[in-house]
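This report refers to the structure that appears directly beneath it.
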Number of protein chains: 2
Amino acid sequence: MEKQTVTIYDVAAEAAVSMATVSRVVNGNPNVKPATAKKVLAVIERLDYRPNAVARGLASKRSTTVGVIIPDVTNIYFAALRPGIDDIAMMYKYNIILTNSDDAGEQEVNVLNTLMGKQVDGVIFMGNYIDDKLRAEFKRAKAPVVLAGTVDPNNESPSVNIDYAAAVEEVVTNLIARGHKKIALALGSLSQSINARIPTDGLQTGLNQGKIPFDDALVYEAGYSYDAGRKLQPVIADSGPTAVFVGDDEMAAGLINASMESGINVPDDLEVVTSNDTIITQITRPAITSITQPLYDIGAVAMRMLTKLMNDKELDEKTVTLPYGIVRRGSTKSAD
Amino acid sequence: MEKQTVTIYDVAAEAAVSMATVSRVVNGNPNVKPATAKKVLAVIERLDYRPNAVARGLASKRSTTVGVIIPDVTNIYFAALRPGIDDIAMMYKYNIILTNSDDAGEQEVNVLNTLMGKQVDGVIFMGNYIDDKLRAEFKRAKAPVVLAGTVDPNNESPSVNIDYAAAVEEVVTNLIARGHKKIALALGSLSQSINARIPTDGLQTGLNQGKIPFDDALVYEAGYSYDAGRKLQPVIADSGPTAVFVGDDEMAAGLINASMESGINVPDDLEVVTSNDTIITQITRPAITSITQPLYDIGAVAMRMLTKLMNDKELDEKTVTLPYGIVRRGSTKSAD
DNA sequence: CTGTTAGCGCGTTCAC
DNA sequence: GTGAACGCGCTAACAG
């Protein structure tokens with residue numbers, strides 16, 4: 001039993017008007033006499049007519065759909081940007097096609113292309129780095145792209161971020177002020193990626209100002225997960241830093257738990273600072289000092305920018321940098 | 001500078017063939033001489049032609065897109081089903097339109113309707129309860145709907161679940177075997193919702209078998225969040241249960257942390273068991289004993305069922321019940 | 001193997 | 001105010 005679909009023609013016939021008129025009332029075009037509008041509405045109701053968004057998209061060339069590209073749905077950081085994106089999208093009546101890029105360069109290009117094939121009106125892109133290939137695709141795309149929580153080193157695409165390097169620098173400066181000299185950095189992705197370079201830059205700047213030489217050996221790459229953090233712990237312990245900045249909260253949780261279990265007290269023997277202020281930072285014991293990022297706002301502002309671009313409006317600023325903060329918890333010693 | 005779009009006609013003209021032929025090579029139809037196929041492919045490449053999925057959808061009446069309805073993207077339980085859904089969808093080349101229902105009845109119906117308007121080929125629905133209105137919409141929809149991690153009490157829609165009541169019962173039985181008599185239940189949603197009734201049933205059955213009277217006052221509703229768990233702690237402590245089953249991991253983490261801080265030792269004074277075996281259960285101290293659910297599989301199987309339905313195949317079984325487990329951690333005392 | 005011809009359901013001029 | 005007609009880009013028979 002195939003469900004029959006009632007079209008705009010059926011409504012037109014039933015209401016004894018032309019389909020153009022039906023189209024007008026459906027789209028709220030004021031050029032319709034209230035009486036006929038009411039009549040049409042009644043028929044629509046009775047026939048349970050639903051406009052076909054695909055046909056509408058073909059005719060109008062707008063799909064009221066935006067694509068969102070995310071490296072990994074389970075990544076708690078990018079996932080945290082989604083509520084902001086979702087809310088603003090919903091506010092402007094856009095639907096979202098959400099796609100995983102698996103953080104792989106090739107895949108990211110594919111995903112972008114299939115989104116464009118679906119005629120999305122715009123794209124929010126999240127990822128760990130922007131390479132030339134991707135940048136070329138963005139330019140070629142006929143729909144606007146906005147980066148959220150993602151840095152384009154060439155600064156070609158509109159984007160929303162915090163000044164992550166400055167945040168790391170501030171963390172490091174605080175650590176140095178409290179006497180630390182061996183400060184480690186635990187990251188997830190490859191060191192050539194931009195999202196690894198930024199914190200590394202922050203660390204270097206901070207160390208420079210404290211007249212402490214930068215030591216490559218204290219920068220670790222493991223992967224952003226709880227288990228990665230656990231596994232990294234003995235490795236880090238070997239080189240004996242007294243403080244570590246971690247790029248991901250789950251990873252920091254793993255590092256802390258493993259440290260405590262092996263007799264290294266946090267924060268007495270090792271101070272830990274992390275990046276994303278997710279709920280994880282409150283759950284661990286000790287709780288974790290963290291950079292605070294306006295995650296919701298990053299998503300919301302990015303989506304807001306995208307709505308402007310999709311309506312051919314100018315952007316006030318192409319690159320938005322939102323303020324960060326630092327919240328102190330038990331994983332660091334108080335400065336006092 | 002409007003980006004011009006190259007259509008199938010442009011390719012056809014340029015390659016000196018008909019558009020039907022172009023369509024064939026694009027869709028991998030074998031009825032094309034390799035030579036002409038190659039020629040067409042070359043032109044496609046040169047003109048950088050991208051098929052318009054919207055037009056294709058209109059003509060073919062298939063959008064190769066499925067809708068996924070989720071109550072709240074930040075809910076870690078439903079979020080955990082997504083990788084399974086995503087992977088299978090990707091495997092079958094379906095895109096996903098992800099929409100939040102905010103767990104509100106009205107909203108769920110709306111969301112479903114706009115998805116249908118977008119001509120999705122099918123829908124995966126996750127939610128906390130299925131009411132009559134929703135059930136009616138499912139029936140009316142022209143695309144199939146599969147429930148994931150969601151129970152339809154009327155059992156009308158295909159669904160994938162674990163036997164959650166049995167799992168809770170087993171937990172309770174274990175608790176009783178170790179001497180517990182006052183066992184509390186901490187849930188998130190309203191007690192009339194099915195997802196609250198199920199664990200309550202499990203608790204009751206377990207208690208019955210242990211000849212312990214069921215006490216309504218020991219069933220709490222707070223909300224599935226860390227803070228809700230923290231706030232609930234003093235309330236629960238007042239009635240002095242010696243064990244509690246919690247419906248959500250973050251909530252359990254809040255409860256445990258708050259308990260420890262107020263001098264109630266877990267597990268000595270209070271044993272805690274939770275539901276979803278997310279990474280949270282490993283991060284807390286003590287770590288949390290939990291029901292283990294094949295979350296990935298629930299999503300994957302649901303999506304697999306949906307692909308069958310979308311291709312008019314029969315389902316082997318309409319209601320799939322996957323096995324659960326129980327993993328013991330520090331929040332409960334060992335039975336030995 | 002390849003081309004022709006109809007639509008798919010709707011938005012949008014342009015006349016009436 | 002309202003309707004007729006065309007086109008969006010593509011798939012799907014049907015001929016040839």
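Scheme for the structure tokens: letters A, B, ... for chains in order shown; per-chain residue numbers from 1; ligand numbers from 1 in order shown.
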
Running DSSP on the backbone, which parts of range 108-302 of chain B land in strand (DSSP E), as a ChimeraX atom specification? /B:122-125,145-148,159-162,183-187,219-221,243-246,271-274,289-292

Per residue of chain D within 6 Å of chain B, record the nearest atom pair and its distance in Å to one decimal, counting only C-alpha atoms (C1' of nucleotides), with rows in chain order and ascending residue number, as JSON lines.
```
{"residue": "D:DG9", "atom": "C1'", "partner": "B:Ala55", "partner_atom": "CA", "distance": 4.9}
{"residue": "D:DC10", "atom": "C1'", "partner": "B:Arg56", "partner_atom": "CA", "distance": 4.9}
{"residue": "D:DT11", "atom": "C1'", "partner": "B:Ala59", "partner_atom": "CA", "distance": 5.2}
```

Mind writing the picked residues with N, CA, C and O atoms (P, O5', C5', C4', C3', O3' and C1' of nucleotides) as a PDB file, in the first residue's frame?
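Output file part.pdb follows:
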```
ATOM      1  P    DG D   9      19.478  24.496 -12.998  1.00  0.00           P
ATOM      2  O5'  DG D   9      19.685  22.917 -12.926  1.00  0.00           O
ATOM      3  C5'  DG D   9      19.863  22.296 -11.677  1.00  0.00           C
ATOM      4  C4'  DG D   9      19.580  20.816 -11.800  1.00  0.00           C
ATOM      5  C3'  DG D   9      20.413  20.099 -12.878  1.00  0.00           C
ATOM      6  O3'  DG D   9      21.172  19.105 -12.231  1.00  0.00           O
ATOM      7  C1'  DG D   9      18.115  19.496 -13.001  1.00  0.00           C
ATOM      8  P    DC D  10      21.903  17.937 -13.028  1.00  0.00           P
ATOM      9  O5'  DC D  10      20.815  16.785 -12.929  1.00  0.00           O
ATOM     10  C5'  DC D  10      20.376  16.365 -11.632  1.00  0.00           C
ATOM     11  C4'  DC D  10      19.229  15.395 -11.752  1.00  0.00           C
ATOM     12  C3'  DC D  10      19.573  14.117 -12.502  1.00  0.00           C
ATOM     13  O3'  DC D  10      19.482  13.018 -11.619  1.00  0.00           O
ATOM     14  C1'  DC D  10      17.487  15.035 -13.207  1.00  0.00           C
ATOM     15  P    DT D  11      20.010  11.591 -12.174  1.00  0.00           P
ATOM     16  O5'  DT D  11      18.624  10.809 -12.278  1.00  0.00           O
ATOM     17  C5'  DT D  11      17.772  10.755 -11.142  1.00  0.00           C
ATOM     18  C4'  DT D  11      16.480  10.068 -11.498  1.00  0.00           C
ATOM     19  C3'  DT D  11      16.618   8.655 -12.056  1.00  0.00           C
ATOM     20  O3'  DT D  11      15.574   7.887 -11.495  1.00  0.00           O
ATOM     21  C1'  DT D  11      15.445   9.998 -13.599  1.00  0.00           C
TER      22       DT D  11
END
```

Kindly provide, as a PyMOL selection string, the residues of chain B having any atom no farther than 7 Å from an atom of chain C, counting only C-alpha atoms (C1' of nucleotides). chain B and resi 18+21+31-33+58-59

Write out, as a tab-separated table (two decimals), in the first residue's frame, the residues just selected, with C-alpha atoms.
```
chain	number	residue	atom	x	y	z
B	18	SER	CA	22.39	12.84	-24.86
B	21	THR	CA	23.80	8.89	-21.42
B	31	ASN	CA	24.55	0.05	-20.46
B	32	VAL	CA	27.14	2.41	-21.81
B	33	LYS	CA	29.98	1.67	-24.14
B	58	LEU	CA	12.68	15.11	-7.11
B	59	ALA	CA	12.92	12.85	-10.11
```

Please superimpose chain A on chain B using every C-alpha atom, paired by order, in a least-squares fit, and write the moved chain as a short mmCIF file (atom, residue, chain, number, x, y, z; two decimals) with C-alpha atoms, in the first residue's frame.
```
data_model
loop_
_atom_site.label_atom_id
_atom_site.label_comp_id
_atom_site.auth_asym_id
_atom_site.auth_seq_id
_atom_site.Cartn_x
_atom_site.Cartn_y
_atom_site.Cartn_z
CA MET A 1 30.13 37.01 -8.64
CA GLU A 2 27.57 34.27 -8.63
CA LYS A 3 29.03 30.83 -9.14
CA GLN A 4 27.57 29.35 -12.29
CA THR A 5 26.39 25.81 -12.01
CA VAL A 6 27.15 23.32 -14.70
CA THR A 7 24.28 20.98 -15.41
CA ILE A 8 23.86 17.67 -17.06
CA TYR A 9 22.94 19.51 -20.25
CA ASP A 10 26.24 21.31 -20.39
CA VAL A 11 28.04 18.03 -20.14
CA ALA A 12 25.82 16.49 -22.79
CA ALA A 13 26.42 19.33 -25.22
CA GLU A 14 30.12 19.38 -24.62
CA ALA A 15 30.41 15.65 -25.07
CA ALA A 16 28.10 15.64 -28.05
CA VAL A 17 25.72 13.12 -26.55
CA SER A 18 22.28 13.40 -25.06
CA MET A 19 21.68 14.14 -21.41
CA ALA A 20 20.18 10.69 -21.05
CA THR A 21 23.54 9.21 -21.81
CA VAL A 22 25.26 11.42 -19.33
CA SER A 23 22.70 10.40 -16.75
CA ARG A 24 23.49 6.78 -17.53
CA VAL A 25 27.20 7.06 -17.03
CA VAL A 26 26.76 9.10 -13.88
CA ASN A 27 24.53 6.42 -12.44
CA GLY A 28 26.65 3.54 -13.65
CA ASN A 29 24.05 2.21 -16.02
CA PRO A 30 25.81 -0.50 -18.05
CA ASN A 31 23.96 0.30 -21.26
CA VAL A 32 26.62 2.65 -22.50
CA LYS A 33 29.43 1.90 -24.87
CA PRO A 34 32.71 2.07 -22.95
CA ALA A 35 34.12 4.52 -25.44
CA THR A 36 31.35 7.08 -25.04
CA ALA A 37 31.36 6.53 -21.30
CA LYS A 38 35.01 7.43 -21.21
CA LYS A 39 34.40 10.49 -23.31
CA VAL A 40 31.60 11.65 -21.05
CA LEU A 41 33.65 11.01 -17.94
CA ALA A 42 36.40 13.16 -19.37
CA VAL A 43 34.01 16.04 -19.96
CA ILE A 44 32.55 15.66 -16.50
CA GLU A 45 36.04 15.90 -15.12
CA ARG A 46 36.95 18.87 -17.24
CA LEU A 47 33.80 20.83 -16.54
CA ASP A 48 33.90 19.80 -12.91
CA TYR A 49 30.31 18.73 -13.09
CA ARG A 50 28.52 17.75 -9.85
CA PRO A 51 25.13 16.17 -10.02
CA ASN A 52 22.47 18.10 -8.16
CA ALA A 53 21.14 15.79 -5.50
CA VAL A 54 18.01 17.84 -5.07
CA ALA A 55 17.00 17.53 -8.68
CA ARG A 56 17.85 13.90 -8.55
CA GLY A 57 15.71 13.51 -5.47
CA LEU A 58 12.78 15.16 -7.15
CA ALA A 59 13.04 12.95 -10.19
CA SER A 60 13.79 9.69 -8.46
CA LYS A 61 11.80 10.27 -5.29
CA ARG A 62 14.69 9.11 -3.18
CA SER A 63 16.89 11.48 -1.27
CA THR A 64 19.46 9.01 0.10
CA THR A 65 19.05 10.93 3.29
CA VAL A 66 17.73 9.67 6.59
CA GLY A 67 16.49 11.70 9.48
CA VAL A 68 17.74 11.10 13.00
CA ILE A 69 15.70 12.50 15.85
CA ILE A 70 17.45 12.81 19.17
CA PRO A 71 16.07 14.40 22.32
CA ASP A 72 19.19 16.32 23.16
CA VAL A 73 22.57 16.21 21.47
CA THR A 74 24.36 16.62 24.74
CA ASN A 75 22.73 13.58 26.26
CA ILE A 76 25.62 11.24 26.45
CA TYR A 77 23.48 8.12 26.25
CA PHE A 78 21.75 8.90 22.99
CA ALA A 79 24.91 10.46 21.68
CA ALA A 80 26.58 7.11 22.23
CA LEU A 81 24.16 5.44 19.82
CA ARG A 82 25.19 7.79 17.06
CA PRO A 83 28.46 6.22 16.00
CA GLY A 84 26.65 2.99 15.23
CA ILE A 85 23.99 4.84 13.32
CA ASP A 86 26.51 6.97 11.48
CA ASP A 87 28.77 4.15 10.46
CA ILE A 88 26.03 2.03 8.99
CA ALA A 89 24.46 5.03 7.30
CA MET A 90 27.78 5.92 5.75
CA MET A 91 28.30 2.33 4.71
CA TYR A 92 25.04 2.49 2.78
CA LYS A 93 25.76 5.99 1.49
CA TYR A 94 23.00 7.72 3.33
CA ASN A 95 23.38 11.22 4.65
CA ILE A 96 21.92 12.17 7.96
CA ILE A 97 19.75 15.09 8.90
CA LEU A 98 20.09 15.32 12.63
CA THR A 99 17.43 17.10 14.62
CA ASN A 100 16.90 17.82 18.25
CA SER A 101 13.46 17.20 19.57
CA ASP A 102 14.23 18.76 22.94
CA ASP A 103 12.26 15.87 24.27
CA ALA A 104 9.05 17.82 23.96
CA GLY A 105 6.03 16.04 22.57
CA GLU A 106 4.89 18.82 20.28
CA GLN A 107 8.35 19.43 18.99
CA GLU A 108 8.87 15.77 18.20
CA VAL A 109 5.89 15.78 15.87
CA ASN A 110 7.05 18.96 14.16
CA VAL A 111 10.51 17.67 13.68
CA LEU A 112 9.23 14.47 12.19
CA ASN A 113 7.06 16.38 9.80
CA THR A 114 9.74 18.68 8.54
CA LEU A 115 11.93 15.63 8.00
CA MET A 116 9.20 14.02 5.97
CA GLY A 117 8.84 17.27 4.06
CA LYS A 118 12.49 17.00 3.16
CA GLN A 119 11.67 13.62 1.69
CA VAL A 120 13.99 11.62 3.88
CA ASP A 121 13.96 7.97 2.97
CA GLY A 122 13.65 6.89 6.57
CA VAL A 123 13.92 7.99 10.19
CA ILE A 124 15.73 6.78 13.28
CA PHE A 125 13.87 7.97 16.33
CA MET A 126 15.28 8.28 19.82
CA GLY A 127 13.24 9.61 22.66
CA ASN A 128 12.08 9.03 26.14
CA TYR A 129 8.57 7.98 25.40
CA ILE A 130 6.20 7.36 22.57
CA ASP A 131 2.75 8.79 22.98
CA ASP A 132 -0.32 8.23 20.87
CA LYS A 133 0.17 11.35 18.84
CA LEU A 134 3.65 10.36 17.86
CA ARG A 135 2.56 6.84 17.14
CA ALA A 136 -0.08 8.20 14.79
CA GLU A 137 2.52 10.28 12.98
CA PHE A 138 4.75 7.29 12.54
CA LYS A 139 1.92 5.44 10.92
CA ARG A 140 1.01 8.33 8.67
CA ALA A 141 4.57 8.87 7.54
CA LYS A 142 5.41 7.58 4.11
CA ALA A 143 8.96 6.72 5.15
CA PRO A 144 9.78 3.96 7.62
CA VAL A 145 10.69 4.78 11.21
CA VAL A 146 12.88 2.68 13.50
CA LEU A 147 13.25 3.33 17.22
CA ALA A 148 16.71 3.15 18.73
CA GLY A 149 17.17 2.80 22.47
CA THR A 150 13.57 3.78 22.78
CA VAL A 151 10.63 1.70 23.84
CA ASP A 152 7.23 1.80 22.25
CA PRO A 153 4.91 0.32 24.84
CA ASN A 154 2.45 -0.59 22.10
CA ASN A 155 5.23 -2.19 20.16
CA GLU A 156 4.06 -0.89 16.83
CA SER A 157 7.30 0.47 15.45
CA PRO A 158 10.39 -1.60 14.78
CA SER A 159 12.88 -1.01 17.55
CA VAL A 160 16.21 -1.99 19.03
CA ASN A 161 16.71 -2.13 22.76
CA ILE A 162 18.09 -4.03 25.64
CA ASP A 163 15.81 -5.57 28.23
CA TYR A 164 16.36 -2.71 30.61
CA ALA A 165 13.83 -3.89 33.17
CA ALA A 166 15.58 -7.23 33.40
CA ALA A 167 18.91 -5.49 33.81
CA VAL A 168 17.62 -3.38 36.65
CA GLU A 169 16.03 -6.42 38.21
CA GLU A 170 19.36 -8.22 38.10
CA VAL A 171 21.09 -5.28 39.72
CA VAL A 172 18.49 -5.18 42.44
CA THR A 173 18.65 -8.90 42.99
CA ASN A 174 22.40 -8.69 43.46
CA LEU A 175 21.97 -5.85 45.89
CA ILE A 176 19.42 -7.78 47.89
CA ALA A 177 21.64 -10.83 47.92
CA ARG A 178 24.27 -8.70 49.60
CA GLY A 179 21.83 -7.73 52.32
CA HIS A 180 20.41 -4.45 51.13
CA LYS A 181 16.86 -3.74 52.13
CA LYS A 182 16.48 -0.06 51.32
CA ILE A 183 17.22 0.40 47.67
CA ALA A 184 16.60 3.73 46.01
CA LEU A 185 16.05 4.56 42.36
CA ALA A 186 17.19 7.87 40.87
CA LEU A 187 15.72 8.79 37.51
CA GLY A 188 15.64 11.77 35.25
CA SER A 189 12.33 12.01 33.58
CA LEU A 190 8.79 12.06 34.80
CA SER A 191 7.49 8.95 36.39
CA GLN A 192 4.65 8.54 33.95
CA SER A 193 7.08 8.24 31.07
CA ILE A 194 7.86 4.83 29.83
CA ASN A 195 11.57 5.20 30.34
CA ALA A 196 10.90 5.75 34.00
CA ARG A 197 8.34 2.99 34.27
CA ILE A 198 10.68 0.35 32.96
CA PRO A 199 13.35 0.65 35.62
CA THR A 200 10.65 1.04 38.21
CA ASP A 201 9.17 -2.24 37.05
CA GLY A 202 12.59 -3.82 37.26
CA LEU A 203 13.02 -2.58 40.77
CA GLN A 204 9.62 -3.85 41.84
CA THR A 205 10.15 -7.28 40.38
CA GLY A 206 13.52 -7.53 42.04
CA LEU A 207 12.14 -6.46 45.38
CA ASN A 208 9.22 -8.86 45.09
CA GLN A 209 11.49 -11.77 44.61
CA GLY A 210 13.47 -10.71 47.63
CA LYS A 211 10.25 -10.36 49.63
CA ILE A 212 10.96 -6.72 50.23
CA PRO A 213 8.08 -4.27 49.98
CA PHE A 214 8.34 -1.62 47.28
CA ASP A 215 8.54 1.88 48.67
CA ASP A 216 7.40 4.68 46.45
CA ALA A 217 9.26 7.23 48.48
CA LEU A 218 12.56 5.73 47.42
CA VAL A 219 12.01 6.58 43.76
CA TYR A 220 13.43 9.99 42.90
CA GLU A 221 13.18 12.18 39.87
CA ALA A 222 15.75 14.84 39.36
CA GLY A 223 17.05 15.21 35.85
CA TYR A 224 19.90 13.61 34.05
CA SER A 225 22.82 15.83 34.85
CA TYR A 226 25.80 16.08 37.15
CA ASP A 227 24.29 18.92 39.11
CA ALA A 228 20.98 17.14 39.44
CA GLY A 229 22.86 14.27 40.99
CA ARG A 230 24.60 16.55 43.43
CA LYS A 231 21.37 18.19 44.47
CA LEU A 232 19.64 14.90 44.87
CA GLN A 233 22.25 13.58 47.28
CA PRO A 234 21.01 15.23 50.50
CA VAL A 235 17.46 14.34 49.60
CA ILE A 236 18.32 10.71 49.20
CA ALA A 237 20.51 10.70 52.27
CA ASP A 238 17.53 11.81 54.33
CA SER A 239 15.67 8.61 53.74
CA GLY A 240 18.80 6.57 54.27
CA PRO A 241 18.92 3.88 51.59
CA THR A 242 22.04 1.73 51.56
CA ALA A 243 22.07 1.33 47.80
CA VAL A 244 20.86 3.29 44.84
CA PHE A 245 20.38 2.57 41.19
CA VAL A 246 20.85 5.63 39.02
CA GLY A 247 19.50 6.03 35.50
CA ASP A 248 22.31 8.17 34.15
CA ASP A 249 26.07 8.22 34.55
CA GLU A 250 26.58 11.93 34.97
CA MET A 251 23.88 11.99 37.57
CA ALA A 252 25.54 9.10 39.36
CA ALA A 253 28.84 10.97 39.30
CA GLY A 254 27.21 13.96 40.94
CA LEU A 255 25.58 11.78 43.55
CA ILE A 256 28.83 10.03 44.38
CA ASN A 257 30.92 13.17 44.61
CA ALA A 258 28.36 14.89 46.79
CA SER A 259 28.08 11.83 49.00
CA MET A 260 31.80 11.54 49.54
CA GLU A 261 32.04 15.22 50.35
CA SER A 262 29.34 14.99 52.96
CA GLY A 263 30.96 12.04 54.65
CA ILE A 264 28.88 9.29 53.18
CA ASN A 265 31.31 6.73 51.86
CA VAL A 266 30.67 4.97 48.61
CA PRO A 267 30.43 2.03 48.64
CA ASP A 268 30.65 1.44 52.41
CA ASP A 269 27.65 3.53 53.35
CA LEU A 270 25.98 3.67 50.00
CA GLU A 271 26.41 1.44 47.00
CA VAL A 272 25.79 2.99 43.64
CA VAL A 273 25.00 1.33 40.34
CA THR A 274 24.42 3.18 37.13
CA SER A 275 23.12 2.50 33.66
CA ASN A 276 25.16 3.41 30.69
CA ASP A 277 28.79 2.49 31.21
CA THR A 278 30.03 5.67 29.59
CA ILE A 279 33.57 6.87 30.20
CA ILE A 280 32.25 8.75 33.23
CA THR A 281 31.99 5.50 35.14
CA GLN A 282 35.74 5.07 34.88
CA ILE A 283 36.63 8.62 35.73
CA THR A 284 34.92 8.90 39.10
CA ARG A 285 36.51 7.75 42.34
CA PRO A 286 35.32 5.24 43.15
CA ALA A 287 34.58 4.12 39.63
CA ILE A 288 30.96 3.13 39.12
CA THR A 289 29.46 -0.29 38.75
CA SER A 290 27.21 -0.17 35.74
CA ILE A 291 24.91 -1.98 33.45
CA THR A 292 26.71 -2.32 30.14
CA GLN A 293 24.76 -1.77 27.02
CA PRO A 294 25.91 -2.42 23.48
CA LEU A 295 25.36 1.20 22.58
CA TYR A 296 27.16 1.12 19.28
CA ASP A 297 25.23 -1.96 18.26
CA ILE A 298 21.89 -0.54 19.21
CA GLY A 299 22.51 2.30 16.80
CA ALA A 300 24.02 0.10 14.14
CA VAL A 301 21.30 -2.52 14.23
CA ALA A 302 18.59 0.12 14.14
CA MET A 303 20.15 1.74 11.11
CA ARG A 304 20.61 -1.62 9.46
CA MET A 305 16.95 -2.38 9.96
CA LEU A 306 16.07 0.95 8.49
CA THR A 307 18.09 0.31 5.35
CA LYS A 308 16.14 -2.88 4.87
CA LEU A 309 12.83 -1.16 5.30
CA MET A 310 13.85 1.60 2.92
CA ASN A 311 14.48 -1.04 0.30
CA ASP A 312 11.19 -2.74 0.93
CA LYS A 313 12.72 -5.79 2.45
CA GLU A 314 11.18 -7.76 5.23
CA LEU A 315 12.57 -7.54 8.73
CA ASP A 316 13.66 -10.77 10.36
CA GLU A 317 12.36 -9.51 13.64
CA LYS A 318 10.58 -6.33 14.34
CA THR A 319 11.77 -5.91 17.88
CA VAL A 320 15.41 -6.62 18.51
CA THR A 321 16.58 -7.08 22.06
CA LEU A 322 20.33 -6.98 22.49
CA PRO A 323 22.11 -8.51 25.48
CA TYR A 324 23.24 -6.38 28.38
CA GLY A 325 25.88 -7.00 31.00
CA ILE A 326 26.93 -5.70 34.38
CA VAL A 327 30.43 -4.51 35.11
CA ARG A 328 31.49 -4.27 38.72
CA ARG A 329 33.58 -1.36 39.85
CA GLY A 330 34.43 0.36 43.12
CA SER A 331 31.05 1.87 43.82
CA THR A 332 29.71 -1.48 44.95
CA LYS A 333 31.14 -3.95 47.44
CA SER A 334 32.27 -7.25 46.04
CA ALA A 335 29.97 -10.17 46.63
CA ASP A 336 32.69 -12.43 47.90
#
```
